[in-house]
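Worksheet for the structure shown next.
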Amino acid sequence: MIFFFVFLLHVAYDHQGQGGGPRGTPSVEAYCPFGGLESLYQFLTTGGFIRRIEPSAMILFAALVLLTLLFSRGFCGWICPFGSLQEWLGLLGRKIFRKKYNPTGAWDRALRYLKYVILAVIIALTWHMGALVFRDYDPFLAFFHLGAGMAELPWAYAILGAVLAASLYIERFFCKYACPLGAVLGVLGKAGLTKVQREPDGCKGCNICQKKCHAHVDFLSVTTIRDSECNHCMDCVVDCPKPNVLTVRGPRWKFSHPVYASLLVLGLFALIGASQLAGKWQTRPAAVSFANNAGKLDPENIRGWMTLQEISGGYGIPVDELYKRSGIPARVAATARLNTVARTYQLEFEPDRVREIVRGYLAGAPARKDQGQKDHGSGSEEEVKGFMTLNEIALKTGVPKDYLLKTLGLSEQIDARQPVREWMHAHGKSIQDLRDAVKSHR
């Protein structure tokens, strides 16, 4: 648990310091198996991934499904870093609340169904919209942003604070009531081959196993634990005062809990290693692309991890012209990443401004006199971006999708789950046409 937690901390720290992209470092999202499930529909229907999802997330999800069918829900008990964090907070909570810690009751059992509702809502909206709808509310992502991006993820940070505080009183609070990945593994885990089994003849009925179980699993009424809330942490096997009453067993095998944990972790590494040998493991974008699918230069392909030097070469714009139009002072290095300029040089600067500058240059527009200021000519229509899907634009702006299609003269056959930059140029449209359609509705 410590290893995986420190590993993700290291990934998060490097990403915050060096940024992403082909020359940067992976984000923690590249190591989140739930991202594979979120992008599964798009992968199966188009062969692509939702923005921010890399192939590594899909591989990890597939590996997790296989491991869960073999070892039940061991990922939650031995590997998940966010579960580990909650468990460690629970150690402090036990000392604070003592006997009142981790209460149970009818409300507790009812609230455990909430995570299945959350899972259904996330998958339905994500698959329909082709975007990571849960990202803005994900406490896991907020924690591993290490305090950065609070303006970008205010709800995620607020939920993170609530989860951490609640974990002091209720063990693994998020795991119990809200984790969508835990909901998936809970269902799959019931079919897992490895289970905790109880020998009734040797059991003296002390019920220590249930009292110390974070999920309050009922041990005494069954001989094989199939409860979907059991995360196979194996604490019950250790806490049982009588040896060989609680054991870890498969259909034809029996082994100790250290062997179980070792096989689980080694299995994960083996599957990741196999994907690397097959050349499928990828945790960050493979290359910089400045053109869209129609082969035209597209400013919407500009990313925060790009530099002015890269943008100059990619779009054929002199570096001096970029400095002039953006109002960036000469002391800013042309090799600085866009998303580090404001922090490094103490400037008011938004990377999105560079997209507008490049778009204007490619269209032959003259440099603005109010250089460095964000173009508010279209008002809040500027929130429409090329990487967004039509569904996302409709949700964010409040303009019906049907109205946008009608105004643009397009048919309903447009895939509203694809980023608009992937199809708009092929239909003779631009991002400004979309913004004008939003403006006309308002």
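Chains: A, B, ... in order of the structure tokens. Residues: from 1 per chain. Ligands: from 1, in order shown.
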Contacts between stretch 66-83 of chain A and stretch 160-275 of chain A, please, where a residue of stretch 160-275 of chain A counts if it comes within 10 Å (with only C-alpha atoms); show its shortest atom pair and distance in Å to one decimal, rows by chain and ascending number, as JSON lines.
{"residue": "A:Glu171", "atom": "CA", "partner": "A:Gly83", "partner_atom": "CA", "distance": 9.6}
{"residue": "A:Arg172", "atom": "CA", "partner": "A:Gly83", "partner_atom": "CA", "distance": 6.4}
{"residue": "A:Phe173", "atom": "CA", "partner": "A:Gly83", "partner_atom": "CA", "distance": 9.0}
{"residue": "A:Phe174", "atom": "CA", "partner": "A:Gly83", "partner_atom": "CA", "distance": 8.0}
{"residue": "A:Cys175", "atom": "CA", "partner": "A:Gly83", "partner_atom": "CA", "distance": 6.7}
{"residue": "A:Cys179", "atom": "CA", "partner": "A:Gly83", "partner_atom": "CA", "distance": 9.6}
{"residue": "A:Leu181", "atom": "CA", "partner": "A:Cys76", "partner_atom": "CA", "distance": 9.2}
{"residue": "A:Gly182", "atom": "CA", "partner": "A:Cys76", "partner_atom": "CA", "distance": 7.3}
{"residue": "A:Val184", "atom": "CA", "partner": "A:Arg73", "partner_atom": "CA", "distance": 9.8}
{"residue": "A:Leu185", "atom": "CA", "partner": "A:Arg73", "partner_atom": "CA", "distance": 6.0}
{"residue": "A:Gly186", "atom": "CA", "partner": "A:Arg73", "partner_atom": "CA", "distance": 6.7}
{"residue": "A:Val187", "atom": "CA", "partner": "A:Arg73", "partner_atom": "CA", "distance": 9.3}
{"residue": "A:Leu188", "atom": "CA", "partner": "A:Leu69", "partner_atom": "CA", "distance": 6.5}
{"residue": "A:Gly189", "atom": "CA", "partner": "A:Ser72", "partner_atom": "CA", "distance": 4.2}
{"residue": "A:Lys190", "atom": "CA", "partner": "A:Ser72", "partner_atom": "CA", "distance": 6.9}
{"residue": "A:Ala191", "atom": "CA", "partner": "A:Leu69", "partner_atom": "CA", "distance": 6.2}
{"residue": "A:Gly192", "atom": "CA", "partner": "A:Leu69", "partner_atom": "CA", "distance": 4.1}
{"residue": "A:Leu193", "atom": "CA", "partner": "A:Leu70", "partner_atom": "CA", "distance": 5.1}
{"residue": "A:Thr194", "atom": "CA", "partner": "A:Phe71", "partner_atom": "CA", "distance": 4.9}
{"residue": "A:Lys195", "atom": "CA", "partner": "A:Ser72", "partner_atom": "CA", "distance": 7.2}
{"residue": "A:Val196", "atom": "CA", "partner": "A:Ser72", "partner_atom": "CA", "distance": 10.0}
{"residue": "A:Arg226", "atom": "CA", "partner": "A:Ser72", "partner_atom": "CA", "distance": 9.3}
{"residue": "A:Ser228", "atom": "CA", "partner": "A:Arg73", "partner_atom": "CA", "distance": 8.2}
{"residue": "A:Glu229", "atom": "CA", "partner": "A:Arg73", "partner_atom": "CA", "distance": 8.7}
{"residue": "A:Cys230", "atom": "CA", "partner": "A:Arg73", "partner_atom": "CA", "distance": 7.1}
{"residue": "A:Asn231", "atom": "CA", "partner": "A:Arg73", "partner_atom": "CA", "distance": 4.9}
{"residue": "A:His232", "atom": "CA", "partner": "A:Gly74", "partner_atom": "CA", "distance": 5.0}
{"residue": "A:Cys233", "atom": "CA", "partner": "A:Gly77", "partner_atom": "CA", "distance": 4.4}
{"residue": "A:Met234", "atom": "CA", "partner": "A:Gly77", "partner_atom": "CA", "distance": 8.2}
{"residue": "A:Asp235", "atom": "CA", "partner": "A:Gly77", "partner_atom": "CA", "distance": 9.7}
{"residue": "A:Val248", "atom": "CA", "partner": "A:Phe71", "partner_atom": "CA", "distance": 10.0}
{"residue": "A:Arg249", "atom": "CA", "partner": "A:Phe71", "partner_atom": "CA", "distance": 9.8}
{"residue": "A:Gly250", "atom": "CA", "partner": "A:Phe71", "partner_atom": "CA", "distance": 8.6}
{"residue": "A:Tyr260", "atom": "CA", "partner": "A:Phe71", "partner_atom": "CA", "distance": 7.9}
{"residue": "A:Ala261", "atom": "CA", "partner": "A:Trp78", "partner_atom": "CA", "distance": 7.1}
{"residue": "A:Ser262", "atom": "CA", "partner": "A:Trp78", "partner_atom": "CA", "distance": 9.8}
{"residue": "A:Leu263", "atom": "CA", "partner": "A:Phe71", "partner_atom": "CA", "distance": 8.8}
{"residue": "A:Leu264", "atom": "CA", "partner": "A:Phe71", "partner_atom": "CA", "distance": 6.9}
{"residue": "A:Val265", "atom": "CA", "partner": "A:Ile79", "partner_atom": "CA", "distance": 7.8}
{"residue": "A:Gly267", "atom": "CA", "partner": "A:Leu67", "partner_atom": "CA", "distance": 7.2}
{"residue": "A:Leu268", "atom": "CA", "partner": "A:Leu67", "partner_atom": "CA", "distance": 7.4}
{"residue": "A:Leu271", "atom": "CA", "partner": "A:Leu67", "partner_atom": "CA", "distance": 9.6}
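Backbone DSSP of stretch 191-221 of chain A yields alpha helix (DSSP H) at Ile208, Cys209, Gln210, Lys211 and Lys212 of chain A.
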Close residues, stretch 201-216 of chain A itself excluded, 9 Å, only C-alpha atoms, min 4 positions apart in chain, as a PDB file with C-alpha atoms, in the first residue's frame:
ATOM      1  CA  ASN A 102     -17.016   3.415  12.177  1.00  0.00           C
ATOM      2  CA  THR A 104     -23.127   0.821  11.439  1.00  0.00           C
ATOM      3  CA  ILE A 170     -16.132   6.273   9.140  1.00  0.00           C
ATOM      4  CA  GLU A 171     -13.464   3.894   7.872  1.00  0.00           C
ATOM      5  CA  ARG A 172     -12.926   4.136   4.114  1.00  0.00           C
ATOM      6  CA  LYS A 176     -18.133   2.521   1.196  1.00  0.00           C
ATOM      7  CA  LEU A 220     -21.064 -16.020  11.423  1.00  0.00           C
ATOM      8  CA  GLU A 229     -18.225  -4.997   0.433  1.00  0.00           C
ATOM      9  CA  CYS A 230     -15.353  -7.335   1.386  1.00  0.00           C
ATOM     10  CA  ASN A 231     -12.145  -5.821  -0.048  1.00  0.00           C
ATOM     11  CA  ASP A 235      -7.331  -8.411   8.463  1.00  0.00           C
ATOM     12  CA  CYS A 236      -9.977 -10.886   9.584  1.00  0.00           C
ATOM     13  CA  VAL A 237      -7.606 -13.794   8.890  1.00  0.00           C
ATOM     14  CA  ASP A 239      -7.311 -11.027  13.847  1.00  0.00           C
ATOM     15  CA  CYS A 240      -9.022 -14.403  14.311  1.00  0.00           C
ATOM     16  CA  PRO A 241      -7.751 -15.856  17.641  1.00  0.00           C
ATOM     17  CA  LYS A 242      -8.038 -19.456  16.409  1.00  0.00           C
ATOM     18  CA  PRO A 243      -5.712 -20.562  13.595  1.00  0.00           C
ATOM     19  CA  ASN A 244      -7.153 -22.057  10.407  1.00  0.00           C
ATOM     20  CA  VAL A 245     -10.715 -20.938  11.139  1.00  0.00           C
ATOM     21  CA  LEU A 246     -10.544 -18.138   8.567  1.00  0.00           C
TER      22      LEU A 246
END
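Nearest to A:Gly386 of all the residues A:Ile302, A:Leu347, A:Val133, A:Met150 is A:Ile302, based on only C-alpha atoms.
For the choices A:Ala342, A:Val384, A:Leu37, A:Ile96, the atom-to-atom distance to A:Thr126 is smallest for A:Leu37 when using only C-alpha atoms.
Among the candidate residues A:Gln18, A:Thr307, A:Gln418, A:Ser27, the one lying nearest to A:Trp127 is A:Gln418, with distances computed using only C-alpha atoms.
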